[in-house]
Each structure stands twice: as C-alpha cells, then as structure tokens.
Amino acid sequence: MSAPSPGYSITVRAEAPAAIDTTGILAAAVAAAGGALTALDVVESRAHSLVVDVTCNASDADHADRITAEIGAVPGVNVRKVSDRTFLLHLGGKLEVTPKVPLKHRDDLSRAYTPGVARVCLAIAENPEDARRLTIKRNTVAVVTDGSAVLGLGNLGPAAALPVMEGKAALFKQFGGVDAWPVCLDTQDTEEIIMIVKAIAPVYGGVNLEDISAPRCFEIERRLRDELDIPVFHDDQHGTAIVVLAALTNALRVVGKPLAQVRIVVSGVGAAGHAIIGLLHAQGVTDIVGCDRHGALDSTAAHRDEFRGWIAEHTNPRGVQGTLKEVLAGADVFIGVSAPDLLDGDDIATMADGAIVFALANPDPEVDPLAASRHAAVVATGRSDYANQINNVLAFPGFFRGLLDAAVSDITDEMMIAAATAIADCVRPDELNASYIVPSVFDPDVAPAVAAAVRHAAGAHEHHTERSAGASRTADRTTSDETTEEARR
C-alpha cells in the first residue's frame with residue numbers, strides 16, 4: 001500500500017463518550033488502520049458526549065473507508081458524517097474572474113465600458129497589435145483539452161477534464177502570474193480542435209495544450225504552431241521534457257557522469273516520451289533507446305506512425321533489440337513515462353554503476369522506488385510522497401511568463417534547454433545530493449529564473465532571425481508600442 005497522501009484526506013465527524021482519553025482512543029484507531037492523523041477538533045461538548053472531527057490522510061479511497069470503519073468500531077463511538085476534503089476543495093470550482101479596475105461610480109463605468117471603451121475598440125481596429133497592450137491578451141493563456149488523455153485515467157471527456165484544467169490555470173497564476181482559463185472542447189476531431197483554437201485565439205497570448213492523446217496531439221500542436229502568431233505549447237510533451245532534462249542534469253552531477261556519454265533507456269514513446277527523446281537528442285545525447293510495449297524501437301522495423309518512425313531513425317545507434325528488461329542491462333539512465341510495475345529491483349541491478357532511475361508513471365511508477373533505490377544511485381518519481389518529484393509546475397508557469405514577456409510566437413529547443421538549465425541551477429551546489437536534484441515546486445526563485453532564461457533565449461533567437469532575414473520585426477514592434485504609448489500620454 002502506498003503512503004497516506006493529502007490527496008485522500010478525510011474528516012470523520014464522530015460522536016463519542018465524554019472522557020479524558022476520548023481523543024487518544026480516536027487517534028489510536030486512525031493509527032491502527034494505517035492512517036496519518038493531521039487534526040483532532042472538538043466541535044461540540046455536552047455533559048456526557050463529545051463530537052470530534054478526526055482529520056487524517058489515507059492512501060486511497062478504500063483505505064479511507066477502512067479508517068472510517070476502524071473509528072466506528074470503537075465502543076460507544078457513532079460516525080455521523082465523513083467528508084472528503086479533496087471534493088470539498090473543488091465545490092464550486094477553483095477559479096473566479098476578478099476585475100482589475102474599480103467600478104464604483106459613473107466615471108469608472110464610462111471609461112471601463114460605454115462610451116469610453118468604444119475609442120479603445122477603434123484604436124485596436126486601426127492597429128491590431130494594440131490588442132496585446134490594451135486587453136487581457138498579453139497575459140492570458142488558453143488551457144485547451146479534449147479530455148482524451150486525462151492524467152493517467154484515459155479518455156474521460158471534456159467535463160471530467162475540467163477539474164484538471166482549473167488546477168492548471170490556478171498553477172499558472174500562483175507560480176507565474178499568468179491568467180489562464182480552461183477551454184474544454186466537446187470534440188476529439190483533430191481538424192475541429194484546430195479550427196476552434198484558431199477561432200478563439202484573438203483573446204489569448206498563448207495556448208497550452210493539455211491531456212490530448214497521442215498521436216493526435218502532435219498534429220494539433222504542429223498545425224497550430226504553423227497557423228497562429230502566438231506560442232503553442234503541449235505541456236504533457238515539452239513541460240515534462242524540460243523538467244526531466246533539469247533533473248537529469250543534476251542527477252548526473254551527483255554521480256559524476258557527462259550527459260553526452262551516458263546510455264539512456266526511455267520506456268514510453270507517446271507524447272512525453274517523444275518530447276523527452278527529442279530534447280535529449282537536441283542536447284547532444286546520442287545513445288538513447290526508446291521502448292514501447294513490444295520492446296526497443298530501431299530503424300529496421302516498420303512503425304505504426306511517423307512519430308515512432310522519427311524515434312527509430314534518430315535513436316538506438318547500436319541497433320539493440322529486445323524487451324525493456326533486456327535493453328536496460330548496462331544502461332546508465334532509465335526514464336519511464338509509460339505504465340506501472342514494468343520492472344523490479346533485480347532489473348535495476350543490471351544497470352551500470354551509479355545508475356539513475358526516473359520512474360514517472362503516475363500514480364504507480366514503473367518500478368517501486370524503494371526497490372530501485374537499493375541498486376540505483378538516484379531515484380525520482382512523479383509523486384509528491386517520495387524524494388525528487390518530477391513535476392511540470394517547475395516549468396510551465398515560468399516558461400509561459402517568459403514567452404509572454406518576450407512577445408514571441410516560436411518555441412525553440414534552445415528556449416527549452418535554457419529553461420531546464422535554469423531549473424537545475426536553482427539547486428545550489430551545497431544543496432545538491434541524491435535526494436534533492438530538483439528544487440521544490442514552492443521555491444519562489446524557480447519561475448522567475450525560468451522566465452528570465454526563456455526571455456534571454458527568445459531574444460537571441462529573434463536577433464538571429466532578424467539578421468538572417470534582414471528584418472527588424474522585434475525592434476519595429478517595440479518602437480511601435482513605445483510610440484503608441486507616448487501618443488496615449
């Protein structure tokens with residue numbers, strides 16, 4: 001059984017006899033059931049009885065039921081109600097719209113709405129570039145999904161995807177200061193999704209694609225990048241790849257191995273696996289073996305789609321064949337973005353000395369982290385209850401902050417590598433060890449560092465593009481913004 005988690009936190013309201021040891025007995029019942037007690041609150045007191053709220057963490061829904069039953073089995077205790085604190089947090093949704101300007105009297109209304117707003121509309125009609133400066137566009141991102149690959153739960157549809165997209169939007173605001181909004185589409189047709197996103201794009205400064213199944217996600221992202229003038233970023237692909245590269249950079253510092261010389265096995269060649277392999281390839285890693293459920297991909301076999309074909313053509317230079325377990329032998333690094341319980345400790349023991357294991361399937365990783373740690377030097381997962389959590393929130397808020405600030409539409413490998421380097425460098429040399437290779441998601445320095453790195457890389461990219469084309473679009477745009485602002489004054 002996995003460790004108790006706040007994701008399965010419950011509050012059991014129990015009526016019990018009034019006695020000096022009542023709370024201690026209730027706490028013992030939670031402990032006997034394997035729960036993690038977080039609070040005991042007496043909410044009612046009478047001469048002969050107490051009503052106590054017992055709050056604790058469970059490992060899953062069934063475990064929560066067992067804890068409740070254990071409390072109810074205490075002599076004289078009656079369970080009145082059980083509240084799931086995760087569901088309580090979601091009541092009414094997690095987002096709201098709050099005006100940034102005062103609307104207290106007629107003057108405010110005349111400027112914010114009619115008649116004053118008409119002048120702003122005409123200014124934008126005359127110069128569409130002003131929309132970025134005079135509306136929410138410059139700081140707003142659409143979080144777009146079709147609900148076809150929600151977390152690790154599968155094709156749940158757009159309504160069931162909404163809580164995840166709300167959470168994503170909240171993270172954008174909390175960590176990057178970016179206003180994001182869920183856009184859950186009731187279609188899984190590639191062309192319809194592209195058409196709809198293009199139609200709503202005037203409102204947004206960027207698009208974050210989320211929980212769209214492979215291989216459609218590749219085509220959707222590629223087309224939207226080609227056809228829109230705002231950045232389009234599929235976080236399941238590139239956010240994961242950025243944080244994996246950051247974590248791997250520091251893990252290799254711990255074990256003293258150079259990135260360019262390590263042998264890497266990647267389990268899972270869907271959205272995340274494809275992006276991880278692509279970014280590692282861009283960073284100069286040559287010995288990568290990608291594995292699907294049938295084993296290693298290589299250029300000698302036919303592949304069901306062009307994306308697996310690209311992996312086969314650009315990886316596995318030694319032409320190794322076999323199952324995941326077989327090709328893992330002798331590898332320096334294992335990166336799993338696939339399915340639970342594919343490996344055991346004995347498989348990790350076949351890897352090279354100083355092995356690095358990133359078992360990122362959620363909620364159950366490819367190999368038990370404790371079993372892996374008996375043989376690997378560094379172990380990371382996607383879970384918050386183990387050391388070294390690989391979490392995309394380290395990347396996407398700051399990454400979009402940088403993109404929006406730089407007002408660029410192109411996303412390059414150089415920007416993603418710069419973001420990964422910034423995340424890695426947020427762990428100081430005196431902090432770095434096998435159990436701390438990535439910073440905390442609550443580290444306030446991460447998002448600003450990522451944003452600054454992206455802005456710098458974007459500026460270098462724009463400068464190179466301008467010189468190559470003999471143009472000065474960035475300078476023109478900046479001058480235009482400054483001239484328009486001066487006119488407004």
# chains A, B, ... in the order shown; residues from 1 in each chain; ligands from 1
>>> closest_atom_pairs(of="stretch 173-195 of chain A", to="stretch 155-169 of chain A", cutoff="10 Å", atoms="only C-alpha atoms", output="JSON lines")
{"residue": "A:Lys173", "atom": "CA", "partner": "A:Ala169", "partner_atom": "CA", "distance": 6.5}
{"residue": "A:Gln174", "atom": "CA", "partner": "A:Ala169", "partner_atom": "CA", "distance": 8.7}
{"residue": "A:Val178", "atom": "CA", "partner": "A:Ala169", "partner_atom": "CA", "distance": 8.3}
{"residue": "A:Asp179", "atom": "CA", "partner": "A:Ala169", "partner_atom": "CA", "distance": 7.2}
{"residue": "A:Ala180", "atom": "CA", "partner": "A:Ala169", "partner_atom": "CA", "distance": 4.8}
{"residue": "A:Trp181", "atom": "CA", "partner": "A:Ala169", "partner_atom": "CA", "distance": 5.7}
{"residue": "A:Pro182", "atom": "CA", "partner": "A:Met165", "partner_atom": "CA", "distance": 5.2}
{"residue": "A:Val183", "atom": "CA", "partner": "A:Met165", "partner_atom": "CA", "distance": 7.8}
{"residue": "A:Cys184", "atom": "CA", "partner": "A:Pro158", "partner_atom": "CA", "distance": 5.1}
{"residue": "A:Leu185", "atom": "CA", "partner": "A:Pro158", "partner_atom": "CA", "distance": 5.9}
{"residue": "A:Asp186", "atom": "CA", "partner": "A:Pro158", "partner_atom": "CA", "distance": 5.9}
{"residue": "A:Thr187", "atom": "CA", "partner": "A:Pro158", "partner_atom": "CA", "distance": 8.3}
{"residue": "A:Gln188", "atom": "CA", "partner": "A:Gly157", "partner_atom": "CA", "distance": 8.9}
>>> write_last_selection(atoms="N, CA and C atoms", output="PDB file, in the first residue's frame")
ATOM      1  N   LYS A 173      -1.376  30.999 -12.438  1.00  0.00           N
ATOM      2  CA  LYS A 173      -1.486  32.267 -11.719  1.00  0.00           C
ATOM      3  C   LYS A 173      -0.604  32.287 -10.483  1.00  0.00           C
ATOM      4  N   GLN A 174      -0.626  31.214  -9.727  1.00  0.00           N
ATOM      5  CA  GLN A 174       0.103  31.168  -8.463  1.00  0.00           C
ATOM      6  C   GLN A 174       1.609  31.292  -8.662  1.00  0.00           C
ATOM      7  N   VAL A 178       0.390  34.367 -14.472  1.00  0.00           N
ATOM      8  CA  VAL A 178      -0.259  34.298 -15.775  1.00  0.00           C
ATOM      9  C   VAL A 178      -1.740  33.991 -15.583  1.00  0.00           C
ATOM     10  N   ASP A 179      -2.610  34.760 -16.229  1.00  0.00           N
ATOM     11  CA  ASP A 179      -4.044  34.490 -16.194  1.00  0.00           C
ATOM     12  C   ASP A 179      -4.363  33.420 -17.234  1.00  0.00           C
ATOM     13  N   ALA A 180      -4.809  32.271 -16.766  1.00  0.00           N
ATOM     14  CA  ALA A 180      -5.117  31.154 -17.670  1.00  0.00           C
ATOM     15  C   ALA A 180      -6.558  30.735 -17.471  1.00  0.00           C
ATOM     16  N   TRP A 181      -7.145  30.167 -18.518  1.00  0.00           N
ATOM     17  CA  TRP A 181      -8.555  29.780 -18.426  1.00  0.00           C
ATOM     18  C   TRP A 181      -8.767  28.429 -19.102  1.00  0.00           C
ATOM     19  N   PRO A 182      -9.561  27.537 -18.466  1.00  0.00           N
ATOM     20  CA  PRO A 182      -9.824  26.219 -19.074  1.00  0.00           C
ATOM     21  C   PRO A 182     -10.686  26.345 -20.324  1.00  0.00           C
ATOM     22  N   VAL A 183     -10.291  25.636 -21.366  1.00  0.00           N
ATOM     23  CA  VAL A 183     -11.085  25.536 -22.593  1.00  0.00           C
ATOM     24  C   VAL A 183     -11.214  24.050 -22.904  1.00  0.00           C
ATOM     25  N   CYS A 184     -12.318  23.450 -22.459  1.00  0.00           N
ATOM     26  CA  CYS A 184     -12.535  22.018 -22.629  1.00  0.00           C
ATOM     27  C   CYS A 184     -13.481  21.803 -23.804  1.00  0.00           C
ATOM     28  N   LEU A 185     -12.997  21.159 -24.846  1.00  0.00           N
ATOM     29  CA  LEU A 185     -13.726  21.066 -26.112  1.00  0.00           C
ATOM     30  C   LEU A 185     -14.474  19.742 -26.224  1.00  0.00           C
ATOM     31  N   ASP A 186     -15.727  19.834 -26.638  1.00  0.00           N
ATOM     32  CA  ASP A 186     -16.557  18.643 -26.784  1.00  0.00           C
ATOM     33  C   ASP A 186     -16.417  18.066 -28.187  1.00  0.00           C
ATOM     34  N   THR A 187     -15.171  17.829 -28.558  1.00  0.00           N
ATOM     35  CA  THR A 187     -14.848  17.153 -29.812  1.00  0.00           C
ATOM     36  C   THR A 187     -13.460  16.563 -29.688  1.00  0.00           C
ATOM     37  N   GLN A 188     -13.248  15.448 -30.346  1.00  0.00           N
ATOM     38  CA  GLN A 188     -11.918  14.842 -30.409  1.00  0.00           C
ATOM     39  C   GLN A 188     -11.464  14.685 -31.853  1.00  0.00           C
TER      40      GLN A 188
END
>>> residues_around(residues="A:Ser338", least_positions_apart="3", cutoff="6 Å", atoms="only C-alpha atoms", output="NGL selection string")
:A and (267-268 or 361)
>>> closest_residue(among="A:Ser213, A:Ser299, A:Val441, A:Leu259", to="A:Thr286", atoms="only C-alpha atoms")
A:Leu259
>>> closest_atom_pairs(of="stretch 129-243 of chain A", to="stretch 308-318 of chain A", cutoff="12 Å", atoms="only C-alpha atoms", output="CSV")
residue,atom,partner,partner_atom,distance
A:Ala214,CA,A:Arg308,CA,10.9
A:Pro215,CA,A:Arg308,CA,9.5
A:Phe218,CA,A:Arg308,CA,11.5
>>> residues_around(residues="A:Ser435", least_positions_apart="2", cutoff="7 Å", atoms="only C-alpha atoms", output="mmCIF file with N, CA, C and O atoms, in the first residue's frame")
data_model
loop_
_atom_site.group_PDB
_atom_site.id
_atom_site.type_symbol
_atom_site.label_atom_id
_atom_site.label_comp_id
_atom_site.auth_asym_id
_atom_site.auth_seq_id
_atom_site.Cartn_x
_atom_site.Cartn_y
_atom_site.Cartn_z
ATOM 1 N N ALA A 387 11.120 11.440 -2.527
ATOM 2 C CA ALA A 387 12.091 12.478 -2.878
ATOM 3 C C ALA A 387 12.158 12.640 -4.396
ATOM 4 O O ALA A 387 11.829 11.724 -5.154
ATOM 5 N N ASN A 388 12.587 13.824 -4.838
ATOM 6 C CA ASN A 388 12.836 14.084 -6.259
ATOM 7 C C ASN A 388 11.577 13.943 -7.116
ATOM 8 O O ASN A 388 11.525 13.145 -8.041
ATOM 9 N N ASN A 433 22.193 16.733 -3.697
ATOM 10 C CA ASN A 433 22.531 15.378 -3.288
ATOM 11 C C ASN A 433 21.559 14.416 -3.961
ATOM 12 O O ASN A 433 20.655 14.841 -4.703
ATOM 13 N N ILE A 437 17.543 16.653 -6.288
ATOM 14 C CA ILE A 437 18.097 17.008 -7.596
ATOM 15 C C ILE A 437 17.247 18.037 -8.322
ATOM 16 O O ILE A 437 17.670 18.572 -9.351
#
>>> residues_around(residues="A:Ala418", least_positions_apart="3", cutoff="7 Å", atoms="only C-alpha atoms", output="NGL selection string")
:A and (414-415 or 421-422 or 453-454 or 457)
